[in-house]
Amino acid sequence: MDFSTKTDATLSTLELPAKIVSPFLVMIVCSLFTPRNSQEALDRYYSKMKTPVDPDPAKDNEKLALAYRSPEEMERRKLFPGSSLEFQKPRAVDIIGFIVCFAICFAIIGLAMLVGTIGS
């Protein structure tokens, strides 16, 4: 392909896929060659990350202690149980939040288009 006929904008656009994909490839390759953390440390970390924070510190500590005692409960919440992928099953609040954010984005785009037509 003759790149001498391409504009600077086109060349910059052609650089994007490599710039986006390469960091992920580096992380994946590095993770294949580095030792894995202990299962106990991973269970503790993901239990803490998946437990909703309670404003009351005593209740929050109680919830965390319960989550630490039963990592199998966190395993049930996974989208792909038994795998090392930590995607959670979407809850109703997740789906509703996604739809609301999607609608807000379209409203902002629509408003920008509306404002762009003013005076024409």
# chains A, B, ... in the order shown; residues from 1 in each chain; ligands from 1
call {"tool": "closest_atom_pairs", "arguments": {"of": "stretch 32-57 of chain A", "to": "stretch 69-74 of chain A", "cutoff": "12 Å", "atoms": "only C-alpha atoms", "output": "Markdown table"}}
result
| residue | atom | partner | partner_atom | distance |
| --- | --- | --- | --- | --- |
| A:Gln39 | CA | A:Pro71 | CA | 10.4 |
| A:Glu40 | CA | A:Pro71 | CA | 9.2 |
| A:Ala41 | CA | A:Pro71 | CA | 11.1 |
| A:Leu42 | CA | A:Pro71 | CA | 9.9 |
| A:Asp43 | CA | A:Pro71 | CA | 6.1 |
| A:Arg44 | CA | A:Pro71 | CA | 7.7 |
| A:Tyr45 | CA | A:Pro71 | CA | 10.2 |
| A:Tyr46 | CA | A:Met74 | CA | 7.8 |
| A:Ser47 | CA | A:Met74 | CA | 6.4 |
| A:Lys48 | CA | A:Met74 | CA | 9.8 |
| A:Met49 | CA | A:Met74 | CA | 10.1 |
| A:Lys50 | CA | A:Met74 | CA | 7.5 |
| A:Thr51 | CA | A:Met74 | CA | 8.9 |
call {"tool": "residues_around", "arguments": {"residues": "A:Leu79", "least_positions_apart": "6", "cutoff": "6 Å", "atoms": "only C-alpha atoms", "output": "list in words"}}
result
Phe87, Gln88 and Lys89 of chain A
call {"tool": "write_last_selection", "arguments": {"atoms": "N, CA, C and O atoms", "output": "mmCIF file, in the first residue's frame"}}
result
data_model
loop_
_atom_site.group_PDB
_atom_site.id
_atom_site.type_symbol
_atom_site.label_atom_id
_atom_site.label_comp_id
_atom_site.auth_asym_id
_atom_site.auth_seq_id
_atom_site.Cartn_x
_atom_site.Cartn_y
_atom_site.Cartn_z
ATOM 1 N N PHE A 87 -16.128 -11.378 35.670
ATOM 2 C CA PHE A 87 -17.306 -10.608 35.281
ATOM 3 C C PHE A 87 -18.486 -11.071 36.125
ATOM 4 O O PHE A 87 -18.738 -12.261 36.247
ATOM 5 N N GLN A 88 -19.228 -10.113 36.675
ATOM 6 C CA GLN A 88 -20.392 -10.460 37.476
ATOM 7 C C GLN A 88 -21.644 -10.506 36.613
ATOM 8 O O GLN A 88 -21.733 -9.828 35.594
ATOM 9 N N LYS A 89 -22.614 -11.290 37.053
ATOM 10 C CA LYS A 89 -23.903 -11.318 36.373
ATOM 11 C C LYS A 89 -24.538 -9.938 36.539
ATOM 12 O O LYS A 89 -24.548 -9.383 37.633
#
call {"tool": "residues_around", "arguments": {"residues": "A:Arg91", "least_positions_apart": "4", "cutoff": "12 Å", "atoms": "only C-alpha atoms", "output": "CSV table (one decimal) with N, CA, C and O atoms, in the first residue's frame"}}
result
chain,number,residue,atom,x,y,z
A,77,ARG,N,-21.9,-15.5,42.0
A,77,ARG,CA,-22.3,-14.2,41.3
A,77,ARG,C,-21.6,-14.0,40.0
A,77,ARG,O,-21.9,-13.1,39.3
A,78,LYS,N,-20.6,-14.8,39.7
A,78,LYS,CA,-19.8,-14.7,38.5
A,78,LYS,C,-20.6,-15.0,37.3
A,78,LYS,O,-21.5,-15.9,37.3
A,79,LEU,N,-20.4,-14.3,36.2
A,79,LEU,CA,-21.1,-14.6,34.9
A,79,LEU,C,-20.6,-16.0,34.4
A,79,LEU,O,-21.4,-16.7,33.8
A,87,PHE,N,-16.1,-11.4,35.7
A,87,PHE,CA,-17.3,-10.6,35.3
A,87,PHE,C,-18.5,-11.1,36.1
A,87,PHE,O,-18.7,-12.3,36.2
A,95,ILE,N,-28.5,-3.0,34.5
A,95,ILE,CA,-29.1,-2.9,33.2
A,95,ILE,C,-29.8,-1.5,33.1
A,95,ILE,O,-29.7,-0.9,32.1
A,96,ILE,N,-30.6,-1.2,34.2
A,96,ILE,CA,-31.3,0.1,34.2
A,96,ILE,C,-30.3,1.3,34.1
A,96,ILE,O,-30.5,2.2,33.3
A,97,GLY,N,-29.2,1.2,34.8
A,97,GLY,CA,-28.2,2.2,34.8
A,97,GLY,C,-27.6,2.4,33.4
A,97,GLY,O,-27.3,3.5,32.9
A,98,PHE,N,-27.3,1.2,32.7
A,98,PHE,CA,-26.7,1.3,31.4
A,98,PHE,C,-27.7,1.9,30.4
A,98,PHE,O,-27.3,2.8,29.6
call {"tool": "select_by_dssp", "arguments": {"residues": "chain A", "states": "alpha helix (DSSP H)", "output": "ChimeraX atom specification"}}
result
/A:8-33,39-50,57-69,71-76,92-117
call {"tool": "write_last_selection", "arguments": {"atoms": "C-alpha atoms", "output": "CSV table (one decimal), in the first residue's frame"}}
result
chain,number,residue,atom,x,y,z
A,8,ASP,CA,-1.8,13.0,7.8
A,9,ALA,CA,-5.2,12.4,9.3
A,10,THR,CA,-5.5,9.1,7.6
A,11,LEU,CA,-2.1,8.0,8.8
A,12,SER,CA,-3.0,9.0,12.3
A,13,THR,CA,-6.2,7.0,12.1
A,14,LEU,CA,-4.3,3.9,10.9
A,15,GLU,CA,-2.1,4.1,14.0
A,16,LEU,CA,-5.1,3.9,16.4
A,17,PRO,CA,-5.7,0.1,16.3
A,18,ALA,CA,-2.2,-0.7,17.2
A,19,LYS,CA,-2.1,1.9,20.0
A,20,ILE,CA,-5.3,0.6,21.4
A,21,VAL,CA,-4.7,-3.2,21.2
A,22,SER,CA,-0.9,-3.3,22.0
A,23,PRO,CA,-1.2,-2.5,25.8
A,24,PHE,CA,-3.8,-5.3,26.2
A,25,LEU,CA,-1.5,-7.7,24.4
A,26,VAL,CA,1.4,-6.7,26.5
A,27,MET,CA,-0.6,-7.3,29.7
A,28,ILE,CA,-1.9,-10.7,28.5
A,29,VAL,CA,1.6,-11.9,27.5
A,30,CYS,CA,3.1,-10.6,30.8
A,31,SER,CA,0.4,-12.4,32.8
A,32,LEU,CA,1.2,-15.7,31.1
A,33,PHE,CA,4.8,-15.5,32.2
A,39,GLN,CA,-6.1,-18.3,45.6
A,40,GLU,CA,-6.7,-17.1,49.2
A,41,ALA,CA,-5.4,-13.6,48.3
A,42,LEU,CA,-7.4,-13.5,45.2
A,43,ASP,CA,-10.6,-14.7,46.9
A,44,ARG,CA,-10.1,-12.1,49.6
A,45,TYR,CA,-9.5,-9.3,47.1
A,46,TYR,CA,-12.5,-10.1,44.9
A,47,SER,CA,-14.7,-10.6,47.9
A,48,LYS,CA,-13.8,-7.1,49.1
A,49,MET,CA,-14.3,-5.6,45.6
A,50,LYS,CA,-17.7,-7.2,45.1
A,57,PRO,CA,-18.4,1.0,59.5
A,58,ALA,CA,-19.6,-1.7,61.9
A,59,LYS,CA,-22.1,-3.1,59.3
A,60,ASP,CA,-19.5,-2.7,56.6
A,61,ASN,CA,-16.9,-4.8,58.6
A,62,GLU,CA,-19.6,-7.4,59.3
A,63,LYS,CA,-20.4,-7.7,55.6
A,64,LEU,CA,-16.8,-8.0,54.7
A,65,ALA,CA,-16.2,-10.7,57.3
A,66,LEU,CA,-19.2,-12.7,55.9
A,67,ALA,CA,-17.8,-12.3,52.4
A,68,TYR,CA,-14.4,-13.4,53.5
A,69,ARG,CA,-15.8,-16.5,55.2
A,71,PRO,CA,-15.9,-17.0,48.8
A,72,GLU,CA,-18.2,-19.6,47.2
A,73,GLU,CA,-21.0,-17.0,47.4
A,74,MET,CA,-18.9,-14.6,45.3
A,75,GLU,CA,-18.2,-17.5,42.8
A,76,ARG,CA,-22.0,-17.9,42.3
A,92,ALA,CA,-31.5,-5.1,37.3
A,93,VAL,CA,-29.8,-1.9,38.6
A,94,ASP,CA,-26.9,-2.5,36.3
A,95,ILE,CA,-29.1,-2.9,33.2
A,96,ILE,CA,-31.3,0.1,34.2
A,97,GLY,CA,-28.2,2.2,34.8
A,98,PHE,CA,-26.7,1.3,31.4
A,99,ILE,CA,-30.0,2.1,29.6
A,100,VAL,CA,-30.3,5.5,31.4
A,101,CYS,CA,-26.6,6.4,30.6
A,102,PHE,CA,-27.2,5.3,26.9
A,103,ALA,CA,-30.3,7.5,26.8
A,104,ILE,CA,-28.5,10.5,28.3
A,105,CYS,CA,-25.7,10.1,25.7
A,106,PHE,CA,-28.2,10.2,22.9
A,107,ALA,CA,-29.9,13.2,24.5
A,108,ILE,CA,-26.6,15.1,24.7
A,109,ILE,CA,-25.9,14.2,21.0
A,110,GLY,CA,-29.4,15.3,20.0
A,111,LEU,CA,-29.1,18.5,21.9
A,112,ALA,CA,-25.7,19.3,20.3
A,113,MET,CA,-27.3,18.6,16.9
A,114,LEU,CA,-30.3,20.8,17.8
A,115,VAL,CA,-28.0,23.7,18.9
A,116,GLY,CA,-25.9,23.2,15.7
A,117,THR,CA,-29.0,23.9,13.6
call {"tool": "atom_distance", "arguments": {"atom1": "atom CA of A:Leu85", "atom2": "atom CA of A:Pro52"}}
result
19.7 Å
call {"tool": "atom_distance", "arguments": {"atom1": "atom CA of A:Ser83", "atom2": "atom CA of A:Pro35"}}
result
17.5 Å
